[in-house]
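> One structure follows; several queries about it will come next.
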Amino acid sequence: MVDFVKWFNELSKKSLPIAGGKGANLGEMFQAGFPVPPGFVVTADSYWEFVTDTGLKEEITEIMKDLNIEDNNQLQNAARKVQEAIVREKMPEDIAKAINDAYEQMKLGNYSSKINTATSEIIKSGRDSPLVAVRSSATAEDLPDASFAGQQETFLNIRGGPDVIKHVQMCWASLFTARAIYYREKNNFPHMKVKIAVVVQKMIESEVSGVAFSVNPSTGNKEEIIIEAGYGLGEAIVKGEINPDLYFVNKKDFSIKDKQIKKQTRKLVRTETGTTDWVKVPDKIQDSQVLFDSNIIKLAKIIQNIEDHYDFPQDIEWAVERNKIYIVQSRPVTTLKNIKTETVSSAMKESGEVILHGLGASPGVASGKVVKIESVSELDKVKEGDILVTKMTDPNMVPAMKRAAGIITDEGGMTCHAAIVSRELGTPCIVGTNEATKKLNDGDEITLDATNGVVYKGKSEEVLSSAEPVITSASVSSTSSFYRKISTGTEIHVNLSSPELIDKVAHRDVDGVGLLRAEFIAAELNIHPSALIKEGRGEEFVDKFAKDIAKVARAMNPRPVTYRTLDFKTNEYRDLPGGAEFEPEERNPMIGWRGASRYVSPEYVETFRLELRALKKIRDTYGMTNVELMIPFVRNTWELEKIFKIIEEEGMKNIGMKIGIMIEVPSSVILIDKFCEMGIDFISIGSNDLTQLVLGVDRDNGKLGEWFDERNEAVLRCLERTIRIARSFNVKTSICGQAPSVYPEITRFLVKCGIDKISVNPDVIERTRELVAQVEHKLLLDSMVTKKTDNDITVL
């Protein structure tokens with residue numbers, strides 16, 4: 001006979017086949033005496049009897065037959081059909097009765113096994129139905145070597161037998177979301193081998209909650225316990241919507257090594273109507289430590305005991321209700337290693353035969369054969385491991401840049417295309433050599449030390465072997481667990497040149513993607529967008545852009561991804577196949593027909609509409625709602641008015657998508673109040689273009705390198721004015737130019753101005769986070785000292 005329901009005290013870690021990963025872990029901890037809220041599991045056998053007895057198994061198998069998960073339309077349709085079929089089918093009466101009876105039994109609490117039936121009925125009739133969490137627990141979830149957590153649904157604050165039964169069935173259906181189907185296929189888990197149990201557990205109305213790790217997942221330090229704490233329900237921390245306190249505890253003696261206390265102004269709570277909502281944290285405790293030292297130590301000891309019990313590092317969710325600590329989930333930390341790349345120490349600058357010097361724009365060392373490129377038509381010459389040498393790269397060269405082991409250019413500075421893209425790719429790059437294309441020949445074997453800007457003749461084993469390990473954008477494992485090492489009030493985002501890079505940065509200490517460039521997606525189509533439209537292939541454009549942007553959105557979800565619409569210059573567009581027919585020849589493309597001016601031009605507006613349709617498809621088809629739209633190079637308010645009209649015509653108005661503009665032109669600095677009044681959600685400062693236009697300096701001109709400086713007072717005044725006025729309109733402020741990635745003093749200046757977000761290159765994410773934290777702490781200390789001085793009435 002099938003057991004439809006199992007209580008936690010009947011389960012253990014060996015119960016995975018019937019209770020799923022979450023249910024088995026909760027049962028194991030409950031049995032071991034850990035403070036787990038009571039509950040029961042609707043077993044995987046219940047689910048299996050449901051799908052077999054109703055004929056759903058055959059129906060699901062048929063729907064999944066020959067499914068191409070890479071075809072998003074197929075995937076979404078299959079998911080929808082399976083879920084609809086599961087929810088539509090009536091739950092067998094015997095399973096529904098078992099669930100309802102178990103739920104009613106929860107009213108008795110600890111007395112259920114100590115009283116007779118008549119007494120229990122009297123007690124139950126006088127007690128309210130309990131609030132419970134209904135949580136999916138798949139049999140391929142929370143395994144030691146693969147965590148499938150989050151693939152299925154969880155429902156909170158459910159009350160009443162009929163509602164519990166309804167949400168159990170919805171959990172069953174969530175085994176076949178598009179995301180879950182895709183994930184199982186990619187990880188070779190047969191659909192009919194994965195069953196699903198459902199946990200029904202007493203809700204904890206937490207005053208304080210958080211996440212903890214029995215090891216430091218950022219550094220791999222096994223001697224530290226890491227605890228994050230916030231007011232209210234834990235969902236706020238799990239989703240990254242508040243900056244929690246962070247506590248470091250020494251495992252040896254449970255002493256508190258360090259505490260980072262963050263101001264917390266709001267918390268998530270359950271309202272009187274049963275919904276979850278934000279409320280204000282009382283003023284008097286906003287700056288206070290959330291979790292008392294005694295509870296930090298008590299929690300740390302529980303965490304250590306759980307790790308000892310499993311003999312494996314654990315990722316734990318906890319909550320405090322009426323000063324009692326509860327453990328609501330524990331799962332294995334599946335990855336802990338940091339992968340490192342190499343750079344050369346400055347002492348090696350004089351080693352070997354130096355043949356070139358330049359500006360080290362992207363750190364690292366590489367050795368390989370030279371391949372010189374003069375035009376895009378020669379990209380196929382570059383093979384894996386070659387050193388790409390060219391006058392200056394452009395967006396169309398990205399495919400070859402990805403294959404190259406290193407890059408050297410004649411021209412450019414720290415903000416040129418080669419420098420920006422190389423840093424994001426994690427590829428060693430030297431720019432501004434002036435004569436690389438003259439001195440180097442195809443087939444020459446060379447070694448480049450891009451940390452110090454030196455090129456050596458031949459393969460220098462001495463240079464390569466003396467490399468020092470440093471973490472770069474390419475060095476972080478794509479499977480590393482995401483973890484916030486340092487909390488900051490100022491958000492740290494990352495600039496991405498290509499969707500392929502998301503696997504290397506999604507699990508790092510970033511709050512989102514502050515700049516996702518579109519140019520490299522377009523380049524991979526290998527045709528001018530207008531030529532594509534002329535050939536009647538517009539949907540090909542939409543599909544390509546939607547798929548690539550959705551890849552980034554999915555990896556970052558729920559963190560935001562700011563997508564910048566195409567900002568090719570005319571000379572770059574002309575190089576695309578078919579481009580000459582549609583692009584004029586301009587004497588100065590950098591300040592020519594680009595950005596917003598294209599979107600409102602009859603000759604180009606259809607391409608802009610295709611981009612908007614791709615963004616709409618991401619929301620409607622892929623279900624990703626965390627993509628924001630950013631318009632580059634806006635010069636005039638009337639341009640933006642026309643763009644808003646086009647967005648409305650494409651059905652993209654008032655759908656929850658945030659829309660912002662880049663501040664790159666002096667006119668947009670001067671008119672910032674007017675732009676804010678138009679209803680934009682955010683602004684992002686493009687410091688590269690803004691600096692060159694404020695100072696009148698070509699940023700790609702190596703001879704004017706000393707003149708191009710974002711630290712110039714004129715530029716700083718523009719930054720301060722823009723941030724100050726935008727904030728007065730409650731418009732979010734950010735920067736995505738190269739300045740913060742290069743100059744720490746710019747970062748300090750921006751934080752002092754009150755900027756909301758700073759978006760940097762992958763190679764400086766952690767360094768920028770640390771710097772911002774230092775500046776914020778200093779500002780806080782200064783304000784405290786000032787306040788104390790103001791209140792000091794001592795008479796000397």
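Convention: chains lettered A, B, ... in structure tokens order; per-chain residue numbering from 1; ligands numbered from 1 as shown.
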List the spatial neighbours of A:Lys391 as JSON, numbers by chain - criterion: any atom at most 10 Å away, only C-alpha atoms, same-chain residues fewer than 2 positions off excluded.
{"A": [372, 373, 374, 375, 389, 393, 394, 408, 409, 410, 411, 412, 431, 432, 433, 434, 435, 436, 437, 438]}
> Determine which residues of stretch 585-666 of chain A DSSP labels as strand (DSSP E) from the backbone of this structure, then write them out as a PDB file with N, CA and C atoms, in the first residue's frame.

```
ATOM      1  N   VAL A 627      14.958  42.377 -17.412  1.00  0.00           N
ATOM      2  CA  VAL A 627      15.735  43.126 -18.401  1.00  0.00           C
ATOM      3  C   VAL A 627      15.251  44.566 -18.462  1.00  0.00           C
ATOM      4  N   GLU A 628      16.200  45.491 -18.380  1.00  0.00           N
ATOM      5  CA  GLU A 628      15.901  46.914 -18.485  1.00  0.00           C
ATOM      6  C   GLU A 628      16.406  47.448 -19.829  1.00  0.00           C
ATOM      7  N   LEU A 629      15.763  48.476 -20.333  1.00  0.00           N
ATOM      8  CA  LEU A 629      16.114  49.058 -21.632  1.00  0.00           C
ATOM      9  C   LEU A 629      16.857  50.374 -21.438  1.00  0.00           C
ATOM     10  N   MET A 630      18.014  50.488 -22.095  1.00  0.00           N
ATOM     11  CA  MET A 630      18.819  51.705 -21.986  1.00  0.00           C
ATOM     12  C   MET A 630      19.106  52.267 -23.387  1.00  0.00           C
ATOM     13  N   ILE A 631      18.781  53.535 -23.562  1.00  0.00           N
ATOM     14  CA  ILE A 631      18.962  54.218 -24.848  1.00  0.00           C
ATOM     15  C   ILE A 631      20.270  55.009 -24.822  1.00  0.00           C
ATOM     16  N   ILE A 659      13.004  51.854 -18.113  1.00  0.00           N
ATOM     17  CA  ILE A 659      13.613  52.494 -19.279  1.00  0.00           C
ATOM     18  C   ILE A 659      14.489  53.648 -18.809  1.00  0.00           C
ATOM     19  N   GLY A 660      15.700  53.691 -19.319  1.00  0.00           N
ATOM     20  CA  GLY A 660      16.622  54.755 -18.949  1.00  0.00           C
ATOM     21  C   GLY A 660      17.428  55.233 -20.130  1.00  0.00           C
ATOM     22  N   ILE A 661      18.245  56.242 -19.892  1.00  0.00           N
ATOM     23  CA  ILE A 661      19.077  56.795 -20.957  1.00  0.00           C
ATOM     24  C   ILE A 661      20.524  56.880 -20.489  1.00  0.00           C
ATOM     25  N   MET A 662      21.422  56.914 -21.456  1.00  0.00           N
ATOM     26  CA  MET A 662      22.819  57.131 -21.146  1.00  0.00           C
ATOM     27  C   MET A 662      23.125  58.626 -21.205  1.00  0.00           C
ATOM     28  N   ILE A 663      23.941  59.057 -20.278  1.00  0.00           N
ATOM     29  CA  ILE A 663      24.377  60.450 -20.247  1.00  0.00           C
ATOM     30  C   ILE A 663      25.796  60.473 -20.807  1.00  0.00           C
TER      31      ILE A 663
END
```
> Can you pull out every residue within 12 Å of A:Ile765, counting only C-alpha atoms, but drop anything in the same chain fewer than 2 positions away, and send it as a PyMOL selection string?
chain A and resi 423-424+471-473+476+484-486+491-495+505-513+740-742+758-763+767-772
> Give the answer as one residue: which of A:Gly595, A:Pro560, A:Gly623, A:Gly489 has the shortest atom-to-atom distance to A:Lys752, using only C-alpha atoms?
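Checking each candidate against A:Lys752, we get A:Gly489 as the closest.
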> Which distance in Å separates atom CA of A:Gly161 and atom CA of A:Ala178, to one decimal?
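It comes out at 28.9 Å.
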